[in-house]
$ cat protein-v8.cif   # mmCIF, C-alpha atoms
data_upload
loop_
_atom_site.label_atom_id
_atom_site.label_comp_id
_atom_site.auth_asym_id
_atom_site.auth_seq_id
_atom_site.Cartn_x
_atom_site.Cartn_y
_atom_site.Cartn_z
CA MET A 1 0.00 0.00 0.00
CA GLN A 2 1.31 3.42 -0.93
CA PRO A 3 -0.33 6.67 0.21
CA THR A 4 -1.55 9.09 -2.42
CA TYR A 5 -1.63 12.85 -2.04
CA THR A 6 -3.85 15.42 -3.68
CA ALA A 7 -2.55 17.70 -6.42
CA ASP A 8 -2.55 20.59 -3.95
CA ALA A 9 -0.50 18.55 -1.49
CA GLU A 10 2.05 17.64 -4.17
CA ALA A 11 2.26 21.30 -5.17
CA TYR A 12 3.11 22.13 -1.57
CA ARG A 13 5.75 19.37 -1.58
CA GLU A 14 7.39 21.01 -4.59
CA LYS A 15 7.43 24.31 -2.70
CA VAL A 16 9.21 22.66 0.25
CA GLN A 17 11.71 20.97 -2.06
CA ALA A 18 12.46 24.32 -3.71
CA PHE A 19 13.05 25.89 -0.29
CA LEU A 20 15.50 23.13 0.64
CA ALA A 21 17.32 23.38 -2.69
CA GLU A 22 17.73 27.12 -2.20
CA LYS A 23 18.82 27.10 1.45
CA LEU A 24 21.03 24.01 1.74
CA PRO A 25 24.70 24.08 0.68
CA SER A 26 25.78 22.44 -2.57
CA GLY A 27 26.59 18.76 -2.13
CA TRP A 28 24.63 18.52 1.12
CA GLY A 29 24.63 14.93 2.43
CA GLY A 30 22.79 15.23 5.72
CA ILE A 31 23.50 16.75 9.10
CA GLY A 32 25.11 13.50 10.23
CA ARG A 33 28.21 14.49 8.28
CA LEU A 34 28.79 17.43 10.61
CA GLU A 35 30.18 17.37 14.13
CA GLY A 36 31.50 19.65 16.84
CA ASP A 37 31.32 23.40 16.34
CA GLU A 38 30.35 22.97 12.68
CA PHE A 39 27.29 20.94 13.71
CA THR A 40 26.27 23.42 16.41
CA GLN A 41 26.64 26.41 14.11
CA PHE A 42 24.60 24.78 11.34
CA VAL A 43 21.73 23.94 13.70
CA THR A 44 21.71 27.49 15.06
CA ASP A 45 21.72 29.05 11.60
CA TRP A 46 19.18 26.54 10.24
CA ARG A 47 16.71 27.28 13.04
CA LYS A 48 16.96 30.98 12.19
CA THR A 49 16.35 30.17 8.53
CA LEU A 50 13.27 28.13 9.43
CA HIS A 51 11.95 30.92 11.65
CA GLU A 52 12.40 33.53 8.94
CA GLY A 53 10.77 31.26 6.35
CA GLY A 54 7.75 30.42 8.51
CA TYR A 55 8.70 26.74 8.81
CA LEU A 56 9.57 26.60 12.52
CA ALA A 57 6.05 26.11 13.94
CA PRO A 58 4.15 25.29 10.76
CA GLY A 59 0.92 24.21 12.46
CA TRP A 60 0.55 27.24 14.72
CA PRO A 61 -1.85 30.02 13.74
CA VAL A 62 -0.27 32.85 11.78
CA GLU A 63 -1.14 35.33 14.53
CA TYR A 64 1.30 33.54 16.87
CA GLY A 65 4.13 33.27 14.34
CA GLY A 66 3.17 29.96 12.73
CA ALA A 67 2.28 29.15 9.15
CA GLY A 68 -1.25 27.81 9.74
CA LEU A 69 -0.53 24.65 7.75
CA SER A 70 -2.89 21.69 7.65
CA PRO A 71 -1.85 18.37 9.27
CA LEU A 72 -1.14 16.93 5.81
CA GLU A 73 1.08 19.86 4.86
CA GLN A 74 2.95 19.49 8.15
CA VAL A 75 3.60 15.82 7.42
CA ILE A 76 4.82 16.63 3.90
CA LEU A 77 7.15 19.24 5.38
CA ALA A 78 8.52 16.73 7.90
CA GLU A 79 8.87 14.05 5.20
CA GLU A 80 10.94 16.28 2.95
CA PHE A 81 13.09 17.59 5.80
CA THR A 82 13.75 14.03 6.99
CA ARG A 83 14.69 12.87 3.49
CA ALA A 84 17.00 15.87 3.11
CA GLY A 85 18.67 15.08 6.44
CA VAL A 86 17.92 18.40 8.14
CA PRO A 87 16.16 19.05 11.46
CA THR A 88 12.72 20.63 11.67
CA GLY A 89 13.94 22.91 14.45
CA GLY A 90 16.49 23.37 17.18
CA PRO A 91 17.33 20.96 20.01
CA ASN A 92 14.87 22.62 22.44
CA ASP A 93 11.92 22.84 20.06
CA VAL A 94 10.52 19.44 21.00
CA PHE A 95 9.85 20.86 24.46
CA GLY A 96 9.08 24.46 23.48
CA ILE A 97 7.12 24.10 20.23
CA GLN A 98 5.87 20.53 19.94
CA MET A 99 4.97 19.94 23.57
CA LEU A 100 4.40 23.21 25.46
CA GLY A 101 3.49 25.44 22.52
CA ASN A 102 0.80 23.11 21.19
CA THR A 103 -0.54 22.62 24.71
CA LEU A 104 -0.71 26.40 25.26
CA LEU A 105 -2.69 26.77 22.04
CA MET A 106 -5.30 24.40 23.47
CA TRP A 107 -5.32 25.38 27.16
CA GLY A 108 -3.63 28.78 27.54
CA THR A 109 -5.35 32.12 28.03
CA ASP A 110 -4.99 34.80 25.37
CA GLU A 111 -2.49 36.59 27.61
CA GLN A 112 -0.42 33.44 28.15
CA LYS A 113 -0.33 32.63 24.44
CA SER A 114 0.52 36.19 23.43
CA TYR A 115 3.40 36.31 25.92
CA TYR A 116 4.98 32.86 25.72
CA LEU A 117 4.51 31.68 22.12
CA PRO A 118 6.59 34.45 20.48
CA ARG A 119 9.33 33.91 23.07
CA ILE A 120 9.40 30.19 22.28
CA LEU A 121 9.79 30.87 18.56
CA SER A 122 12.49 33.51 19.04
CA GLY A 123 14.44 31.19 21.34
CA GLU A 124 14.33 33.75 24.13
CA ASP A 125 12.81 31.11 26.43
CA THR A 126 14.09 27.52 26.47
CA TRP A 127 12.03 24.84 28.20
CA CYS A 128 12.27 21.48 29.91
CA GLN A 129 9.69 19.12 31.39
CA GLY A 130 9.09 18.82 35.15
CA TYR A 131 6.98 15.66 35.40
CA SER A 132 8.70 12.59 36.88
CA GLU A 133 9.73 12.39 40.54
CA PRO A 134 11.59 9.72 42.53
CA ASP A 135 8.21 8.39 43.76
CA ALA A 136 6.16 9.36 40.70
CA GLY A 137 7.65 7.93 37.55
CA SER A 138 5.38 5.37 35.95
CA ASP A 139 2.59 6.49 38.29
CA LEU A 140 2.66 10.14 37.29
CA GLY A 141 -0.52 10.86 39.22
CA ALA A 142 1.48 10.41 42.43
CA VAL A 143 3.46 13.63 41.98
CA GLY A 144 4.26 15.15 45.34
CA LEU A 145 6.13 18.39 44.56
CA LYS A 146 4.09 20.78 46.66
CA GLY A 147 2.65 24.08 45.46
CA VAL A 148 1.17 26.48 48.03
CA LEU A 149 -0.45 29.76 47.00
CA ASP A 150 0.94 32.68 48.98
CA GLY A 151 -0.61 35.95 47.85
CA ASP A 152 0.19 36.45 44.17
CA GLN A 153 2.66 33.59 43.82
CA TRP A 154 3.04 29.86 44.27
CA ILE A 155 5.72 28.55 46.63
CA LEU A 156 7.16 25.28 45.32
CA ASN A 157 9.06 22.61 47.25
CA GLY A 158 10.07 19.17 46.06
CA GLN A 159 12.07 17.37 43.39
CA LYS A 160 11.85 16.31 39.75
CA ILE A 161 14.05 13.71 38.09
CA TRP A 162 14.98 12.49 34.59
CA THR A 163 14.55 16.06 33.35
CA SER A 164 15.80 15.95 29.76
CA ALA A 165 18.04 18.92 28.86
CA GLY A 166 17.26 20.53 32.20
CA HIS A 167 20.83 21.80 32.46
CA LEU A 168 20.33 23.77 29.23
CA ALA A 169 16.87 25.25 29.90
CA ASP A 170 15.83 28.45 31.65
CA HIS A 171 12.13 27.53 32.13
CA ILE A 172 10.38 24.36 33.25
CA PHE A 173 6.71 23.41 32.93
CA THR A 174 5.97 21.77 36.24
CA LEU A 175 3.30 19.44 37.61
CA ALA A 176 2.72 20.37 41.25
CA ARG A 177 0.45 19.03 43.99
CA THR A 178 -1.72 22.06 44.81
CA ASP A 179 -4.51 20.29 46.75
CA THR A 180 -3.36 17.54 49.09
CA ASP A 181 -6.92 16.67 50.13
CA ALA A 182 -8.20 15.96 46.60
CA PRO A 183 -7.90 12.57 44.83
CA LYS A 184 -4.41 12.27 43.37
CA HIS A 185 -5.40 13.09 39.78
CA LYS A 186 -7.60 15.99 40.87
CA GLY A 187 -5.18 18.01 42.99
CA ILE A 188 -2.47 18.71 40.39
CA SER A 189 -1.75 22.01 38.62
CA PHE A 190 0.36 22.73 35.53
CA LEU A 191 2.71 25.66 36.26
CA LEU A 192 5.21 27.62 34.16
CA VAL A 193 8.32 28.19 36.28
CA ASP A 194 11.37 30.37 35.61
CA MET A 195 14.50 28.38 36.50
CA ARG A 196 16.70 31.48 36.84
CA GLN A 197 16.09 31.88 40.57
CA PRO A 198 17.89 30.80 43.77
CA GLY A 199 15.16 28.27 44.62
CA ILE A 200 15.98 26.02 41.62
CA GLU A 201 18.99 23.67 41.58
CA VAL A 202 19.84 21.40 38.62
CA ARG A 203 22.10 18.35 38.99
CA PRO A 204 23.06 16.42 35.82
CA ILE A 205 22.82 12.60 35.81
CA LYS A 206 25.55 10.73 33.93
CA MET A 207 24.17 8.00 31.66
CA VAL A 208 25.68 4.70 30.50
CA SER A 209 26.54 6.37 27.17
CA GLY A 210 28.70 8.92 29.02
CA GLU A 211 26.36 11.82 28.28
CA SER A 212 24.32 13.81 30.80
CA GLU A 213 21.07 14.57 28.97
CA PHE A 214 19.01 13.81 32.09
CA ASN A 215 18.95 15.82 35.32
CA GLU A 216 17.55 16.14 38.81
CA VAL A 217 15.82 19.44 39.58
CA PHE A 218 15.29 20.58 43.19
CA TYR A 219 12.73 23.24 44.21
CA SER A 220 13.44 24.95 47.53
CA ASP A 221 10.88 27.71 48.15
CA ALA A 222 10.96 28.38 44.40
CA THR A 223 8.31 30.83 43.24
CA CYS A 224 5.90 31.01 40.33
CA PRO A 225 3.44 33.84 39.58
CA LYS A 226 -0.20 33.06 40.41
CA ASP A 227 -1.24 33.61 36.79
CA ASN A 228 1.24 31.06 35.42
CA VAL A 229 -1.21 28.18 35.85
CA ILE A 230 -2.25 26.59 32.55
CA GLY A 231 -5.77 25.20 32.28
CA GLY A 232 -6.89 26.22 35.75
CA VAL A 233 -5.88 25.32 39.31
CA ASN A 234 -6.14 21.60 40.08
CA ASN A 235 -6.83 20.77 36.42
CA GLY A 236 -3.22 19.94 35.62
CA TRP A 237 -3.82 16.26 34.92
CA ALA A 238 -5.92 17.01 31.84
CA VAL A 239 -3.33 19.51 30.62
CA ALA A 240 -0.51 17.05 31.26
CA MET A 241 -2.27 14.33 29.23
CA THR A 242 -2.74 16.75 26.33
CA LEU A 243 0.98 17.51 26.36
CA LEU A 244 1.90 13.81 26.47
CA GLY A 245 -0.41 13.23 23.53
CA TYR A 246 1.57 15.76 21.48
CA GLU A 247 4.86 14.25 22.69
CA ARG A 248 3.90 10.67 21.79
CA GLY A 249 1.52 11.03 18.89
CA GLU A 250 2.46 13.96 16.67
CA ALA A 251 5.52 12.29 15.11
CA ALA A 252 3.79 8.97 14.36
CA ALA A 253 3.54 9.81 10.66
CA THR A 254 7.14 11.02 10.29
CA LEU A 255 9.27 8.84 12.60
CA PRO A 256 8.99 5.87 10.19
CA ILE A 257 10.88 7.87 7.56
CA MET A 258 13.74 8.47 9.97
CA PHE A 259 13.83 4.83 11.07
CA ARG A 260 13.73 3.65 7.45
CA GLY A 261 16.76 5.81 6.69
CA GLU A 262 18.55 4.31 9.69
CA LEU A 263 17.68 0.78 8.56
CA ASP A 264 18.97 1.48 5.03
CA ARG A 265 22.26 2.56 6.60
CA LEU A 266 22.36 -0.66 8.63
CA VAL A 267 21.82 -2.76 5.50
CA GLU A 268 24.76 -0.97 3.89
CA MET A 269 26.91 -1.75 6.92
CA ALA A 270 25.99 -5.44 6.64
CA LYS A 271 27.04 -5.37 2.98
CA GLU A 272 30.32 -3.64 3.84
CA ARG A 273 31.11 -6.52 6.19
CA ASP A 274 29.90 -9.25 3.80
CA LEU A 275 27.18 -10.27 6.26
CA HIS A 276 24.18 -9.53 4.04
CA ASP A 277 24.15 -13.16 2.84
CA ASP A 278 24.31 -14.60 6.36
CA PRO A 279 20.88 -16.27 6.80
CA THR A 280 20.43 -15.14 10.41
CA ILE A 281 21.42 -11.54 9.68
CA ARG A 282 19.17 -11.49 6.60
CA GLN A 283 16.23 -12.78 8.63
CA ARG A 284 16.75 -10.16 11.34
CA LEU A 285 17.09 -7.37 8.76
CA ALA A 286 13.90 -8.54 7.07
CA SER A 287 12.10 -8.53 10.42
CA CYS A 288 13.24 -4.95 11.05
CA TYR A 289 12.06 -3.94 7.59
CA ALA A 290 8.62 -5.41 8.28
CA GLN A 291 8.44 -3.56 11.61
CA VAL A 292 9.29 -0.23 9.99
CA GLU A 293 6.55 -0.83 7.40
CA VAL A 294 4.02 -1.55 10.18
CA MET A 295 5.17 1.68 11.83
CA ARG A 296 4.57 3.50 8.55
CA TYR A 297 1.03 2.14 8.23
CA ASN A 298 0.25 3.16 11.79
CA GLY A 299 1.54 6.61 10.92
CA MET A 300 -0.87 6.79 8.00
CA ARG A 301 -3.70 5.86 10.33
CA THR A 302 -2.66 8.61 12.75
CA LEU A 303 -2.40 11.14 9.92
CA THR A 304 -5.89 10.23 8.72
CA LYS A 305 -7.28 10.87 12.20
CA PHE A 306 -5.50 14.24 12.36
CA LEU A 307 -7.05 15.21 9.02
CA GLN A 308 -10.44 14.37 10.50
CA GLY A 309 -9.85 16.82 13.37
CA HIS A 310 -8.71 14.29 15.98
CA HIS A 311 -6.43 15.74 18.67
CA PRO A 312 -3.59 13.63 20.12
CA GLY A 313 -4.87 11.36 22.87
CA PRO A 314 -4.17 8.04 24.56
CA ASP A 315 -3.71 6.29 21.20
CA GLY A 316 -0.38 8.11 20.97
CA ALA A 317 0.84 5.35 23.30
CA ILE A 318 0.70 2.93 20.35
CA SER A 319 3.38 4.83 18.44
CA LYS A 320 5.56 5.37 21.52
CA LEU A 321 5.45 1.69 22.49
CA TYR A 322 6.09 0.46 18.98
CA TRP A 323 9.03 2.64 17.97
CA SER A 324 10.85 2.35 21.29
CA GLU A 325 10.64 -1.46 21.37
CA TYR A 326 11.64 -1.65 17.70
CA HIS A 327 14.64 0.60 18.22
CA ARG A 328 15.98 -1.64 20.95
CA ILE A 329 15.83 -4.60 18.54
CA VAL A 330 17.41 -2.91 15.52
CA THR A 331 20.30 -1.41 17.51
CA GLU A 332 21.06 -4.82 19.03
CA LEU A 333 21.33 -6.12 15.48
CA ALA A 334 23.69 -3.24 14.62
CA VAL A 335 26.03 -4.16 17.46
CA ASP A 336 25.97 -7.81 16.37
CA ILE A 337 26.90 -6.77 12.81
CA LEU A 338 29.75 -4.66 14.18
CA GLY A 339 31.01 -7.66 16.14
CA PRO A 340 34.37 -7.08 17.86
CA GLU A 341 34.46 -3.54 16.40
CA ALA A 342 31.78 -2.58 18.93
CA MET A 343 34.38 -2.85 21.71
CA LEU A 344 36.54 -0.11 20.16
CA ILE A 345 34.61 3.16 20.01
CA GLU A 346 35.77 5.23 17.06
CA GLY A 347 34.23 7.95 14.91
CA ARG A 348 31.47 10.52 15.35
CA PRO A 349 29.08 9.82 18.26
CA PRO A 350 25.34 10.56 17.98
CA SER A 351 24.47 14.22 18.45
CA SER A 352 21.52 13.38 20.71
CA ALA A 353 20.60 10.71 23.25
CA PHE A 354 17.15 10.30 21.68
CA GLN A 355 16.00 8.06 18.83
CA ALA A 356 18.18 7.47 15.74
CA ASP A 357 21.46 9.09 14.79
CA ASP A 358 21.36 11.94 12.28
CA ALA A 359 20.78 11.35 8.57
CA GLY A 360 24.06 11.05 6.71
CA ALA A 361 26.00 9.70 9.71
CA SER A 362 28.73 7.19 8.96
CA ASN A 363 28.65 3.55 9.99
CA SER A 364 31.19 4.12 12.74
CA SER A 365 31.24 2.13 15.94
CA ALA A 366 30.72 5.35 17.93
CA SER A 367 27.52 6.10 16.01
CA TRP A 368 25.94 2.66 16.34
CA VAL A 369 27.10 1.81 19.86
CA GLY A 370 26.03 5.24 21.11
CA THR A 371 22.62 4.78 19.51
CA PHE A 372 22.41 1.25 20.95
CA LEU A 373 23.06 2.54 24.46
CA ASN A 374 20.57 5.40 24.03
CA ALA A 375 17.90 2.98 22.80
CA ARG A 376 17.89 1.31 26.22
CA ALA A 377 16.28 4.45 27.63
CA GLY A 378 13.72 4.76 24.84
CA THR A 379 11.49 2.12 26.42
CA ILE A 380 11.49 4.10 29.69
CA TYR A 381 11.48 7.86 29.02
CA ALA A 382 8.20 9.57 28.00
CA GLY A 383 6.34 6.70 29.64
CA SER A 384 7.71 3.16 30.06
CA SER A 385 6.57 0.34 27.78
CA GLN A 386 4.64 -1.23 30.65
CA ILE A 387 2.68 1.97 31.19
CA GLN A 388 2.06 2.37 27.44
CA ARG A 389 0.56 -1.12 27.37
CA ASN A 390 -1.71 -0.23 30.28
CA ILE A 391 -2.84 2.95 28.50
CA ILE A 392 -3.58 1.05 25.30
CA GLY A 393 -5.43 -1.70 27.15
CA GLU A 394 -7.48 0.50 29.45
CA MET A 395 -7.99 3.76 27.51
CA VAL A 396 -7.92 2.58 23.87
CA LEU A 397 -9.26 -0.98 23.98
CA GLY A 398 -11.50 -0.47 27.02
CA LEU A 399 -10.16 -3.46 28.95
CA PRO A 400 -10.63 -3.67 32.75
CA LYS A 401 -8.06 -1.77 34.78
CA GLU A 402 -5.34 -3.66 36.58
CA PRO A 403 -5.95 -4.18 40.31
CA ARG A 404 -4.24 -1.42 42.24
CA PRO A 405 -3.03 -1.32 45.84
CA ALA A 406 -5.30 0.45 48.31
#

$ encode --input "protein-v8.cif" --output "structure tokens"
Amino acid sequence: MQPTYTADAEAYREKVQAFLAEKLPSGWGGIGRLEGDEFTQFVTDWRKTLHEGGYLAPGWPVEYGGAGLSPLEQVILAEEFTRAGVPTGGPNDVFGIQMLGNTLLMWGTDEQKSYYLPRILSGEDTWCQGYSEPDAGSDLGAVGLKGVLDGDQWILNGQKIWTSAGHLADHIFTLARTDTDAPKHKGISFLLVDMRQPGIEVRPIKMVSGESEFNEVFYSDATCPKDNVIGGVNNGWAVAMTLLGYERGEAAATLPIMFRGELDRLVEMAKERDLHDDPTIRQRLASCYAQVEVMRYNGMRTLTKFLQGHHPGPDGAISKLYWSEYHRIVTELAVDILGPEAMLIEGRPPSSAFQADDAGASNSSASWVGTFLNARAGTIYAGSSQIQRNIIGEMVLGLPKEPRPA
């Protein structure tokens, strides 16, 4: 099955392709060919180019700096950018644009949207996510970071953990317990907190890959203006679920393109090592190919629902579960193809601890082993696989809930 696009959609694709041809350097082979300062400078300049061209937040309304594109046009844009090997934004835009920005458009007041959305696009504010706690990871409803209203501001005390890019952000959207007497899902508020204050301390966590993408964040009498509540006091659970829907579901139609590019690179590595005729390797490569195709079909289903006006919801757990489990399998195969080379780390490491390495990256041991190590976390961050299965069973399929302790 191959998707078909309308003539108008294909005309928009040609417009995107023309933009890429104009803006990218001659002989461009993908951002994976860059590293170090050259990589950082390109990403910075490219984000500015996207902002100036109206491609940075393509689905946002024009009045807030977006392009007002339809879901189909957004997918075409992401498809062409992925094929060209260029990012759709900067490293913080997953948190600022995809997660918080889209959530603000649904839940924020006019004042909140007018203030924060332009600052997200300009890069003036950089964001991270304050959800998980030491005692509230898989059971997010058990958050205990306490928020007490004192006059015109909230006083916050507690801890967050596994805060991705928290050491690089200056703002954090925070789930806080603002009513200790209410049922656990009813007493939570969604707050926008400035991290540039004495009451916030960030401690990086070193991962098995050697990077420190994750952090602990401590709140000690940290403050937040009274009006920085999104969606109303004690309604934070609904807002949080909206944000997770955007985090898990929005990329369902475009991630398969990235994973297909990664798989093509893996096939080439097998050929380089004369392993493509090995029956076991061939069978495992074929299995990975089939899984990427299933991922692609699920993406088409998700896109169809978006075109029908469906907002991201609990079915986003399907995409999150599928890609994270698949990526663990395919990176294990990569290490097996590398063989003894996997013990000697050489070459360009992945630029990020999340998902696949960049398009155009070489088949170095550093690239594949780094991605293999990062894939271990993919089945845990943004909701563990066990929790995704519960969400699918209970909220998508309507199965009885698991028995819970009193």

$ atom_distance --input "protein-v8.cif" --atom1 "CA of Arg265 in chain A" --atom2 "CA of Ser362 in chain A"
8.3 Å

$ residues_around --input "protein-v8.cif" --residues "range 176-179 of chain A" --least-positions-apart "2" --cutoff "12 Å" --atoms "all atoms listed in the file" --output "ChimeraX atom specification"
/A:130-133,136,140-150,154-160,172-174,181-193,219,222,224,226,229-230,232-237,240

$ closest_residue --input "protein-v8.cif" --among "A:Gly261, A:Thr223, A:Gly32, A:Leu333" --to "Ser352 in chain A" --atoms "only C-alpha atoms"
A:Gly32

$ closest_residue --input "protein-v8.cif" --among "A:Arg13, A:Asn228, A:Gly313, A:Gly123" --to "Gln153 in chain A" --atoms "all atoms listed in the file"
A:Asn228

$ residues_around --input "protein-v8.cif" --residues "range 72-89 of chain A" --least-positions-apart "2" --cutoff "6 Å" --atoms "all atoms listed in the file" --output "short mmCIF file (atom, residue, chain, number, x, y, z; two decimals) with C-alpha atoms, in the frame of the given file"
data_model
loop_
_atom_site.label_atom_id
_atom_site.label_comp_id
_atom_site.auth_asym_id
_atom_site.auth_seq_id
_atom_site.Cartn_x
_atom_site.Cartn_y
_atom_site.Cartn_z
CA GLY A 30 22.79 15.23 5.72
CA ILE A 31 23.50 16.75 9.10
CA ARG A 47 16.71 27.28 13.04
CA LEU A 69 -0.53 24.65 7.75
CA SER A 70 -2.89 21.69 7.65
CA ASP A 93 11.92 22.84 20.06
CA ALA A 359 20.78 11.35 8.57
#

$ atom_distance --input "protein-v8.cif" --atom1 "CA of Leu24 in chain A" --atom2 "CA of Trp46 in chain A"
9.1 Å

$ closest_residue --input "protein-v8.cif" --among "A:Val208, A:Thr126, A:Phe259, A:Ala9" --to "Arg196 in chain A" --atoms "all atoms listed in the file"
A:Thr126

$ resolve_selection --input "protein-v8.cif" --expression "the PyMOL selection byres ((chain A and resi 57) around 7)" --output "PDB file with C-alpha atoms, in the frame of the given file"
ATOM      1  CA  TYR A  55       8.700  26.740   8.810  1.00  0.00           C
ATOM      2  CA  LEU A  56       9.570  26.600  12.520  1.00  0.00           C
ATOM      3  CA  PRO A  58       4.150  25.290  10.760  1.00  0.00           C
ATOM      4  CA  GLY A  59       0.920  24.210  12.460  1.00  0.00           C
ATOM      5  CA  TRP A  60       0.550  27.240  14.720  1.00  0.00           C
ATOM      6  CA  GLY A  66       3.170  29.960  12.730  1.00  0.00           C
ATOM      7  CA  ALA A  67       2.280  29.150   9.150  1.00  0.00           C
ATOM      8  CA  ILE A  97       7.120  24.100  20.230  1.00  0.00           C
TER       9      ILE A  97
END

$ residues_around --input "protein-v8.cif" --residues "Pro204 in chain A" --least-positions-apart "2" --cutoff "12 Å" --atoms "only C-alpha atoms" --output "list in words"
Lys160, Ile161, Trp162, Thr163, Ser164, Ala165, Gly166, His167, Leu168, Glu201, Val202, Lys206, Met207, Gly210, Glu211, Ser212, Glu213, Phe214, Asn215, Glu216, Val217 and Phe218 of chain A

$ build_atoms --input "protein-v8.cif" --residues "range 373-386 of chain A" --atoms "N, CA and C atoms" --output "mmCIF file, keeping the file's coordinate frame"
data_model
loop_
_atom_site.group_PDB
_atom_site.id
_atom_site.type_symbol
_atom_site.label_atom_id
_atom_site.label_comp_id
_atom_site.auth_asym_id
_atom_site.auth_seq_id
_atom_site.Cartn_x
_atom_site.Cartn_y
_atom_site.Cartn_z
ATOM 1 N N LEU A 373 23.167 2.228 23.040
ATOM 2 C CA LEU A 373 23.060 2.540 24.460
ATOM 3 C C LEU A 373 21.881 3.481 24.728
ATOM 4 N N ASN A 374 21.686 4.468 23.852
ATOM 5 C CA ASN A 374 20.570 5.400 24.030
ATOM 6 C C ASN A 374 19.229 4.705 23.890
ATOM 7 N N ALA A 375 19.163 3.683 23.034
ATOM 8 C CA ALA A 375 17.900 2.980 22.800
ATOM 9 C C ALA A 375 17.406 2.264 24.048
ATOM 10 N N ARG A 376 18.330 1.947 24.969
ATOM 11 C CA ARG A 376 17.890 1.310 26.220
ATOM 12 C C ARG A 376 16.892 2.198 26.956
ATOM 13 N N ALA A 377 17.135 3.513 26.894
ATOM 14 C CA ALA A 377 16.280 4.450 27.630
ATOM 15 C C ALA A 377 14.965 4.726 26.917
ATOM 16 N N GLY A 378 14.906 4.439 25.602
ATOM 17 C CA GLY A 378 13.720 4.760 24.840
ATOM 18 C C GLY A 378 12.468 4.042 25.316
ATOM 19 N N THR A 379 12.649 2.868 25.914
ATOM 20 C CA THR A 379 11.490 2.120 26.420
ATOM 21 C C THR A 379 11.086 2.579 27.823
ATOM 22 N N ILE A 380 11.773 3.599 28.340
ATOM 23 C CA ILE A 380 11.490 4.100 29.690
ATOM 24 C C ILE A 380 11.040 5.559 29.652
ATOM 25 N N TYR A 381 11.837 6.437 28.990
ATOM 26 C CA TYR A 381 11.480 7.860 29.020
ATOM 27 C C TYR A 381 10.174 8.098 28.242
ATOM 28 N N ALA A 382 9.503 9.203 28.592
ATOM 29 C CA ALA A 382 8.200 9.570 28.000
ATOM 30 C C ALA A 382 7.151 8.501 28.232
ATOM 31 N N GLY A 383 7.301 7.737 29.303
ATOM 32 C CA GLY A 383 6.340 6.700 29.640
ATOM 33 C C GLY A 383 6.891 5.326 29.292
ATOM 34 N N SER A 384 7.113 4.480 30.291
ATOM 35 C CA SER A 384 7.710 3.160 30.060
ATOM 36 C C SER A 384 6.781 2.291 29.215
ATOM 37 N N SER A 385 7.366 1.241 28.615
ATOM 38 C CA SER A 385 6.570 0.340 27.780
ATOM 39 C C SER A 385 5.437 -0.303 28.566
ATOM 40 N N GLN A 386 5.690 -0.613 29.834
ATOM 41 C CA GLN A 386 4.640 -1.230 30.650
ATOM 42 C C GLN A 386 3.449 -0.284 30.807
#
